[in-house]
$ cat structure31.pdb   # PDB, C-alpha atoms
ATOM      1  CA  MET A   1     -12.801 -31.937  15.115
ATOM      2  CA  SER A   2     -16.289 -32.062  16.527
ATOM      3  CA  THR A   3     -18.715 -29.152  16.804
ATOM      4  CA  ARG A   4     -18.160 -29.250  20.545
ATOM      5  CA  GLU A   5     -14.403 -28.856  20.036
ATOM      6  CA  LEU A   6     -14.951 -25.964  17.598
ATOM      7  CA  GLU A   7     -17.185 -24.195  20.101
ATOM      8  CA  GLY A   8     -14.229 -24.341  22.494
ATOM      9  CA  PHE A   9     -12.448 -22.046  20.021
ATOM     10  CA  GLY A  10     -15.310 -19.576  20.207
ATOM     11  CA  ILE A  11     -16.849 -20.664  16.912
ATOM     12  CA  GLY A  12     -20.443 -21.575  17.564
ATOM     13  CA  GLY A  13     -22.962 -22.936  15.101
ATOM     14  CA  VAL A  14     -20.446 -24.837  12.966
ATOM     15  CA  GLU A  15     -22.098 -28.028  11.897
ATOM     16  CA  ASP A  16     -20.213 -29.450   8.936
ATOM     17  CA  ALA A  17     -17.301 -28.969   6.553
ATOM     18  CA  SER A  18     -19.266 -26.791   4.136
ATOM     19  CA  SER A  19     -20.187 -24.448   7.019
ATOM     20  CA  VAL A  20     -16.528 -24.167   7.936
ATOM     21  CA  LEU A  21     -15.572 -23.337   4.350
ATOM     22  CA  ALA A  22     -18.412 -20.842   4.036
ATOM     23  CA  GLY A  23     -17.274 -19.176   7.249
ATOM     24  CA  LEU A  24     -13.698 -19.042   6.001
ATOM     25  CA  ARG A  25     -14.777 -17.555   2.654
ATOM     26  CA  GLU A  26     -16.885 -14.911   4.400
ATOM     27  CA  ARG A  27     -14.066 -13.920   6.741
ATOM     28  CA  HIS A  28     -11.599 -13.820   3.840
ATOM     29  CA  VAL A  29     -13.849 -11.379   1.963
ATOM     30  CA  VAL A  30     -14.320  -9.263   5.095
ATOM     31  CA  ALA A  31     -10.555  -9.214   5.772
ATOM     32  CA  ASN A  32      -9.758  -8.219   2.162
ATOM     33  CA  ARG A  33     -12.322  -5.409   2.312
ATOM     34  CA  ALA A  34     -10.905  -4.212   5.639
ATOM     35  CA  GLU A  35      -7.350  -4.175   4.234
ATOM     36  CA  SER A  36      -8.541  -2.250   1.177
ATOM     37  CA  GLU A  37     -10.298   0.290   3.371
ATOM     38  CA  LYS A  38      -7.262   0.572   5.649
ATOM     39  CA  LEU A  39      -5.060   1.359   2.643
ATOM     40  CA  GLN A  40      -7.597   3.916   1.387
ATOM     41  CA  LEU A  41      -7.667   5.581   4.802
ATOM     42  CA  ALA A  42      -3.863   5.713   4.815
ATOM     43  CA  ALA A  43      -3.918   7.453   1.419
ATOM     44  CA  SER A  44      -6.501   9.910   2.778
ATOM     45  CA  TRP A  45      -4.276  10.526   5.818
ATOM     46  CA  ALA A  46      -1.366  11.306   3.500
ATOM     47  CA  ALA A  47      -3.523  13.720   1.486
ATOM     48  CA  MET A  48      -4.595  15.501   4.670
ATOM     49  CA  HIS A  49      -0.947  15.868   5.645
ATOM     50  CA  SER A  50       0.418  17.093   2.361
ATOM     51  CA  VAL A  51       3.250  19.587   2.162
ATOM     52  CA  GLU A  52       0.646  22.367   2.153
ATOM     53  CA  SER A  53      -0.435  21.307   5.649
ATOM     54  CA  ILE A  54       2.931  22.264   7.129
ATOM     55  CA  THR A  55       2.727  25.639   8.813
ATOM     56  CA  ALA A  56       5.652  27.725   9.892
ATOM     57  CA  VAL A  57       5.971  28.308  13.604
ATOM     58  CA  ALA A  58       7.602  31.237  15.354
ATOM     59  CA  TRP A  59      10.591  29.237  16.552
ATOM     60  CA  ASP A  60      11.298  27.692  13.142
ATOM     61  CA  VAL A  61      13.365  30.411  11.556
ATOM     62  CA  GLY A  62      14.557  28.192   8.750
ATOM     63  CA  THR A  63      18.209  28.306   9.722
ATOM     64  CA  HIS A  64      18.007  25.687  12.446
ATOM     65  CA  GLY A  65      15.773  23.234  10.601
ATOM     66  CA  TRP A  66      13.456  22.886  13.590
ATOM     67  CA  GLY A  67       9.829  22.052  13.137
ATOM     68  CA  GLU A  68       8.004  19.791  10.746
ATOM     69  CA  HIS A  69       9.373  19.162   7.271
ATOM     70  CA  GLU A  70       8.178  17.414   4.159
ATOM     71  CA  ILE A  71       9.382  13.893   3.493
ATOM     72  CA  PRO A  72       9.129  11.884   0.291
ATOM     73  CA  ILE A  73       7.556   8.510   1.020
ATOM     74  CA  ALA A  74       6.869   7.153  -2.473
ATOM     75  CA  GLY A  75       8.388   7.310  -5.950
ATOM     76  CA  ALA A  76       9.196  10.381  -8.027
ATOM     77  CA  GLY A  77       6.122  12.456  -8.781
ATOM     78  CA  ALA A  78       4.123  11.248  -5.775
ATOM     79  CA  PRO A  79       3.333  13.893  -3.187
ATOM     80  CA  ALA A  80       5.508  14.235  -0.114
ATOM     81  CA  VAL A  81       3.916  14.395   3.340
ATOM     82  CA  ALA A  82       4.453  16.220   6.607
ATOM     83  CA  GLU A  83       6.953  14.115   8.537
ATOM     84  CA  PHE A  84       5.098  13.968  11.867
ATOM     85  CA  CYS A  85       2.038  12.348  10.313
ATOM     86  CA  VAL A  86       3.970   9.129   9.782
ATOM     87  CA  ALA A  87       4.451   8.409  13.481
ATOM     88  CA  GLU A  88       0.774   9.103  14.225
ATOM     89  CA  LEU A  89      -0.415   6.708  11.537
ATOM     90  CA  ALA A  90       2.103   4.046  12.574
ATOM     91  CA  ALA A  91       1.023   4.205  16.206
ATOM     92  CA  VAL A  92      -2.654   3.827  15.329
ATOM     93  CA  ILE A  93      -2.120   0.747  13.164
ATOM     94  CA  GLY A  94       0.411  -0.859  15.499
ATOM     95  CA  LEU A  95       3.567  -0.430  13.419
ATOM     96  CA  SER A  96       6.965   1.022  14.139
ATOM     97  CA  THR A  97       7.539   4.472  12.655
ATOM     98  CA  ASP A  98       9.762   2.968   9.957
ATOM     99  CA  ALA A  99       7.191   0.318   9.058
ATOM    100  CA  GLY A 100       4.466   2.981   9.115
ATOM    101  CA  ARG A 101       6.454   5.078   6.674
ATOM    102  CA  VAL A 102       6.744   2.081   4.328
ATOM    103  CA  TYR A 103       3.009   1.355   4.615
ATOM    104  CA  LEU A 104       2.047   4.990   4.034
ATOM    105  CA  GLY A 105       4.502   5.175   1.131
ATOM    106  CA  GLN A 106       2.933   2.139  -0.509
ATOM    107  CA  ALA A 107      -0.542   3.663  -0.160
ATOM    108  CA  VAL A 108       0.674   6.918  -1.742
ATOM    109  CA  GLU A 109       2.555   5.027  -4.480
ATOM    110  CA  LEU A 110      -0.591   3.139  -5.411
ATOM    111  CA  ARG A 111      -2.904   6.143  -5.227
ATOM    112  CA  TYR A 112      -0.756   8.554  -7.221
ATOM    113  CA  ARG A 113       1.571   6.494  -9.420
ATOM    114  CA  LEU A 114      -0.313   3.224  -9.971
ATOM    115  CA  PRO A 115      -3.914   4.367 -10.517
ATOM    116  CA  ARG A 116      -5.116   1.235 -12.325
ATOM    117  CA  LEU A 117      -3.887  -1.017  -9.525
ATOM    118  CA  TRP A 118      -5.363   1.434  -7.005
ATOM    119  CA  GLU A 119      -8.787   1.134  -8.669
ATOM    120  CA  ARG A 120      -8.612  -2.641  -8.340
ATOM    121  CA  VAL A 121      -7.714  -2.389  -4.644
ATOM    122  CA  VAL A 122     -10.578   0.045  -4.022
ATOM    123  CA  ALA A 123     -12.960  -2.335  -5.821
ATOM    124  CA  CYS A 124     -11.561  -5.246  -3.767
ATOM    125  CA  ASP A 125     -10.605  -7.016  -7.003
ATOM    126  CA  LEU A 126      -6.962  -7.107  -5.930
ATOM    127  CA  PRO A 127      -5.875  -7.850  -2.367
ATOM    128  CA  ALA A 128      -4.117  -4.908  -0.758
ATOM    129  CA  TRP A 129      -1.088  -7.032   0.148
ATOM    130  CA  GLN A 130      -0.495  -7.881  -3.524
ATOM    131  CA  ALA A 131      -0.818  -4.259  -4.600
ATOM    132  CA  ARG A 132       1.529  -3.179  -1.795
ATOM    133  CA  ARG A 133       4.093  -5.738  -2.978
ATOM    134  CA  ILE A 134       4.035  -4.187  -6.446
ATOM    135  CA  ALA A 135       4.170  -0.640  -5.040
ATOM    136  CA  ARG A 136       7.261  -1.551  -3.027
ATOM    137  CA  GLU A 137       9.067  -2.424  -6.261
ATOM    138  CA  THR A 138       7.890   0.506  -8.378
ATOM    139  CA  MET A 139       9.009   3.234  -5.973
ATOM    140  CA  ARG A 140      12.477   3.201  -7.499
ATOM    141  CA  LEU A 141      11.150   3.731 -11.026
ATOM    142  CA  PRO A 142      10.631   7.068 -12.741
ATOM    143  CA  MET A 143       7.012   8.098 -13.269
ATOM    144  CA  ALA A 144       6.917   6.695 -16.826
ATOM    145  CA  GLY A 145       8.277   3.369 -15.564
ATOM    146  CA  ALA A 146       5.618   3.150 -12.864
ATOM    147  CA  ALA A 147       2.933   3.924 -15.453
ATOM    148  CA  PHE A 148       4.327   1.148 -17.667
ATOM    149  CA  VAL A 149       4.139  -1.374 -14.814
ATOM    150  CA  ASP A 150       0.656  -0.171 -13.853
ATOM    151  CA  ARG A 151      -0.616  -0.507 -17.412
ATOM    152  CA  HIS A 152       0.775  -4.025 -17.840
ATOM    153  CA  LEU A 153       0.093  -5.464 -14.396
ATOM    154  CA  ALA A 154      -3.305  -4.034 -13.513
ATOM    155  CA  PRO A 155      -5.335  -6.544 -15.538
ATOM    156  CA  VAL A 156      -3.363  -9.583 -14.326
ATOM    157  CA  ALA A 157      -1.890  -8.589 -10.954
ATOM    158  CA  HIS A 158      -4.100 -11.022  -9.054
ATOM    159  CA  LYS A 159      -2.568 -14.007 -10.843
ATOM    160  CA  VAL A 160       1.114 -13.189 -11.414
ATOM    161  CA  GLY A 161       3.930 -14.175  -9.131
ATOM    162  CA  VAL A 162       6.905 -12.373  -7.698
ATOM    163  CA  ALA A 163       9.194 -13.387 -10.582
ATOM    164  CA  ALA A 164       6.867 -11.875 -13.207
ATOM    165  CA  ILE A 165       6.582  -8.652 -11.219
ATOM    166  CA  ASP A 166      10.356  -8.442 -10.858
ATOM    167  CA  ARG A 167      10.864  -9.020 -14.601
ATOM    168  CA  LEU A 168       8.394  -6.282 -15.501
ATOM    169  CA  VAL A 169       9.933  -3.814 -13.045
ATOM    170  CA  THR A 170      13.387  -4.607 -14.446
ATOM    171  CA  GLU A 171      12.099  -4.086 -17.984
ATOM    172  CA  ALA A 172      10.606  -0.741 -16.936
ATOM    173  CA  MET A 173      13.909   0.262 -15.362
ATOM    174  CA  VAL A 174      15.815  -0.594 -18.547
ATOM    175  CA  ARG A 175      13.307   1.255 -20.752
ATOM    176  CA  PHE A 176      12.793   4.366 -18.645
ATOM    177  CA  ASP A 177      15.966   4.720 -16.580
ATOM    178  CA  PRO A 178      18.767   2.915 -18.456
ATOM    179  CA  ALA A 179      21.544   4.665 -16.520
ATOM    180  CA  THR A 180      20.276   3.293 -13.226
ATOM    181  CA  ALA A 181      19.547  -0.091 -14.783
ATOM    182  CA  GLU A 182      23.232  -0.477 -15.692
TER     183      GLU A 182
END

$ encode --input "structure31.pdb" --output "structure tokens"
Amino acid sequence: MSTRELEGFGIGGVEDASSVLAGLRERHVVANRAESEKLQLAASWAAMHSVESITAVAWDVGTHGWGEHEIPIAGAGAPAVAEFCVAELAAVIGLSTDAGRVYLGQAVELRYRLPRLWERVVACDLPAWQARRIARETMRLPMAGAAFVDRHLAPVAHKVGVAAIDRLVTEAMVRFDPATAE
């Protein structure tokens, strides 16, 4: 493709293959940083909408169940959030409410139950999508199982595949929740 053809795509100043690769590398770094920051903002949103943020209203007498309630969105031991915050977050990032709940849950799972992986995401050493993939699997583990996975995966998460993650999560389930593992 010629420079003229590339300019037709809105990419000006591209002169050779190395420029294209440099541009791709730069945009990859920017996209990874943006995804890390988006996940961090989601975790901050969850913290702002903790259970303590739910206030009783006059018409919520407790017997009808009206009003906002807490919902668990991550694994055992992670904080629950005020249910209405999920829809707001989902709308802002262009997800359905269900997908927003999953996304927010993964952010909370990482922040509170997988702190070593979280540190790597914050440092942009681990792409957010990889960390979210791990968080999705650890939500069903007890706290000790999640800590086990975090301890073992954090140093190598950037280079292990789905099968290795699944094996480690299964091992954690067997070690820390044998009844469920059966």

$ atom_distance --input "structure31.pdb" --atom1 "CA of Arg175 (chain A)" --atom2 "CA of Gly161 (chain A)"
21.5 Å

$ resolve_selection --input "structure31.pdb" --expression "the PyMOL selection byres ((chain A and resi 133) around 12)" --output "PyMOL selection string"
chain A and resi 102-103+105-107+109-110+117+126-132+134-139+157-158+160-163+165-166+169

$ atom_distance --input "structure31.pdb" --atom1 "CA of Glu68 (chain A)" --atom2 "CA of Phe84 (chain A)"
6.6 Å

$ residues_near_point --input "structure31.pdb" --point "(9.5, 5.2, 10.8)" --cutoff "12 Å" --atoms "all atoms listed in the file" --output "list in words"
Ile71, Ile73, Glu83, Phe84, Cys85, Val86, Ala87, Glu88, Leu89, Ala90, Ala91, Gly94, Leu95, Ser96, Thr97, Asp98, Ala99, Gly100, Arg101, Val102, Tyr103, Leu104 and Gly105 of chain A

$ atom_distance --input "structure31.pdb" --atom1 "CA of Leu141 (chain A)" --atom2 "CA of Gly75 (chain A)"
6.8 Å

$ closest_residue --input "structure31.pdb" --among "A:Asp150, A:Ala47, A:Ser53, A:Val121" --to "Ala78 (chain A)" --atoms "all atoms listed in the file"
A:Ala47

$ resolve_selection --input "structure31.pdb" --expression "the PyMOL selection byres ((chain A and resi 41) around 12)" --output "ChimeraX atom specification"
/A:34-40,42-48,89,92-93,103-104,107-108,111,122

$ residues_around --input "structure31.pdb" --residues "Arg140 (chain A)" --least-positions-apart "5" --cutoff "10 Å" --atoms "all atoms listed in the file" --output "number ranges by chain"
A: 74-76, 135, 145-146, 169, 173, 177, 180

$ build_atoms --input "structure31.pdb" --residues "region 88-99 of chain A" --atoms "all heavy atoms" --output "PDB file, in the frame of the given file"
ATOM      1  N   GLU A  88       2.165   9.210  13.757  1.00  0.00           N
ATOM      2  CA  GLU A  88       0.774   9.103  14.225  1.00  0.00           C
ATOM      3  C   GLU A  88       0.073   7.920  13.563  1.00  0.00           C
ATOM      4  O   GLU A  88      -0.582   7.126  14.235  1.00  0.00           O
ATOM      5  CB  GLU A  88       0.018  10.386  13.923  1.00  0.00           C
ATOM      6  CG  GLU A  88       0.460  11.580  14.741  1.00  0.00           C
ATOM      7  CD  GLU A  88      -0.294  12.833  14.345  1.00  0.00           C
ATOM      8  OE1 GLU A  88      -1.374  13.070  14.923  1.00  0.00           O
ATOM      9  OE2 GLU A  88       0.205  13.550  13.455  1.00  0.00           O
ATOM     10  N   LEU A  89       0.208   7.814  12.253  1.00  0.00           N
ATOM     11  CA  LEU A  89      -0.415   6.708  11.537  1.00  0.00           C
ATOM     12  C   LEU A  89       0.150   5.378  12.024  1.00  0.00           C
ATOM     13  O   LEU A  89      -0.598   4.440  12.296  1.00  0.00           O
ATOM     14  CB  LEU A  89      -0.191   6.848  10.027  1.00  0.00           C
ATOM     15  CG  LEU A  89      -0.741   5.658   9.243  1.00  0.00           C
ATOM     16  CD1 LEU A  89      -1.777   6.105   8.250  1.00  0.00           C
ATOM     17  CD2 LEU A  89       0.360   4.899   8.547  1.00  0.00           C
ATOM     18  N   ALA A  90       1.461   5.288  12.144  1.00  0.00           N
ATOM     19  CA  ALA A  90       2.103   4.046  12.574  1.00  0.00           C
ATOM     20  C   ALA A  90       1.598   3.607  13.939  1.00  0.00           C
ATOM     21  O   ALA A  90       1.294   2.424  14.146  1.00  0.00           O
ATOM     22  CB  ALA A  90       3.616   4.222  12.591  1.00  0.00           C
ATOM     23  N   ALA A  91       1.486   4.541  14.856  1.00  0.00           N
ATOM     24  CA  ALA A  91       1.023   4.205  16.206  1.00  0.00           C
ATOM     25  C   ALA A  91      -0.401   3.654  16.184  1.00  0.00           C
ATOM     26  O   ALA A  91      -0.705   2.668  16.863  1.00  0.00           O
ATOM     27  CB  ALA A  91       1.102   5.438  17.107  1.00  0.00           C
ATOM     28  N   VAL A  92      -1.252   4.254  15.383  1.00  0.00           N
ATOM     29  CA  VAL A  92      -2.654   3.827  15.329  1.00  0.00           C
ATOM     30  C   VAL A  92      -2.803   2.425  14.750  1.00  0.00           C
ATOM     31  O   VAL A  92      -3.658   1.660  15.187  1.00  0.00           O
ATOM     32  CB  VAL A  92      -3.493   4.858  14.532  1.00  0.00           C
ATOM     33  CG1 VAL A  92      -4.858   4.317  14.177  1.00  0.00           C
ATOM     34  CG2 VAL A  92      -3.617   6.145  15.326  1.00  0.00           C
ATOM     35  N   ILE A  93      -1.980   2.072  13.775  1.00  0.00           N
ATOM     36  CA  ILE A  93      -2.120   0.747  13.164  1.00  0.00           C
ATOM     37  C   ILE A  93      -1.120  -0.270  13.719  1.00  0.00           C
ATOM     38  O   ILE A  93      -0.998  -1.372  13.188  1.00  0.00           O
ATOM     39  CB  ILE A  93      -2.078   0.804  11.622  1.00  0.00           C
ATOM     40  CG1 ILE A  93      -0.761   1.348  11.087  1.00  0.00           C
ATOM     41  CG2 ILE A  93      -3.251   1.602  11.094  1.00  0.00           C
ATOM     42  CD1 ILE A  93      -0.666   1.323   9.567  1.00  0.00           C
ATOM     43  N   GLY A  94      -0.431   0.099  14.795  1.00  0.00           N
ATOM     44  CA  GLY A  94       0.411  -0.859  15.499  1.00  0.00           C
ATOM     45  C   GLY A  94       1.719  -1.199  14.804  1.00  0.00           C
ATOM     46  O   GLY A  94       2.195  -2.327  14.894  1.00  0.00           O
ATOM     47  N   LEU A  95       2.299  -0.220  14.108  1.00  0.00           N
ATOM     48  CA  LEU A  95       3.567  -0.430  13.419  1.00  0.00           C
ATOM     49  C   LEU A  95       4.637   0.479  14.014  1.00  0.00           C
ATOM     50  O   LEU A  95       4.320   1.508  14.617  1.00  0.00           O
ATOM     51  CB  LEU A  95       3.421  -0.109  11.927  1.00  0.00           C
ATOM     52  CG  LEU A  95       2.459  -0.963  11.109  1.00  0.00           C
ATOM     53  CD1 LEU A  95       2.347  -0.414   9.694  1.00  0.00           C
ATOM     54  CD2 LEU A  95       2.898  -2.422  11.087  1.00  0.00           C
ATOM     55  N   SER A  96       5.884   0.110  13.793  1.00  0.00           N
ATOM     56  CA  SER A  96       6.965   1.022  14.139  1.00  0.00           C
ATOM     57  C   SER A  96       6.888   2.213  13.191  1.00  0.00           C
ATOM     58  O   SER A  96       6.235   2.147  12.142  1.00  0.00           O
ATOM     59  CB  SER A  96       8.317   0.331  13.981  1.00  0.00           C
ATOM     60  OG  SER A  96       8.588   0.087  12.608  1.00  0.00           O
ATOM     61  N   THR A  97       7.559   3.298  13.528  1.00  0.00           N
ATOM     62  CA  THR A  97       7.539   4.472  12.655  1.00  0.00           C
ATOM     63  C   THR A  97       8.106   4.131  11.280  1.00  0.00           C
ATOM     64  O   THR A  97       7.563   4.548  10.256  1.00  0.00           O
ATOM     65  CB  THR A  97       8.318   5.633  13.292  1.00  0.00           C
ATOM     66  OG1 THR A  97       7.713   5.930  14.551  1.00  0.00           O
ATOM     67  CG2 THR A  97       8.270   6.875  12.422  1.00  0.00           C
ATOM     68  N   ASP A  98       9.186   3.353  11.252  1.00  0.00           N
ATOM     69  CA  ASP A  98       9.762   2.968   9.957  1.00  0.00           C
ATOM     70  C   ASP A  98       8.796   2.124   9.136  1.00  0.00           C
ATOM     71  O   ASP A  98       8.619   2.357   7.933  1.00  0.00           O
ATOM     72  CB  ASP A  98      11.077   2.217  10.159  1.00  0.00           C
ATOM     73  CG  ASP A  98      12.198   3.121  10.629  1.00  0.00           C
ATOM     74  OD1 ASP A  98      12.105   4.354  10.453  1.00  0.00           O
ATOM     75  OD2 ASP A  98      13.182   2.589  11.178  1.00  0.00           O
ATOM     76  N   ALA A  99       8.159   1.153   9.774  1.00  0.00           N
ATOM     77  CA  ALA A  99       7.191   0.318   9.058  1.00  0.00           C
ATOM     78  C   ALA A  99       5.973   1.138   8.637  1.00  0.00           C
ATOM     79  O   ALA A  99       5.412   0.923   7.558  1.00  0.00           O
ATOM     80  CB  ALA A  99       6.771  -0.864   9.921  1.00  0.00           C
TER      81      ALA A  99
END
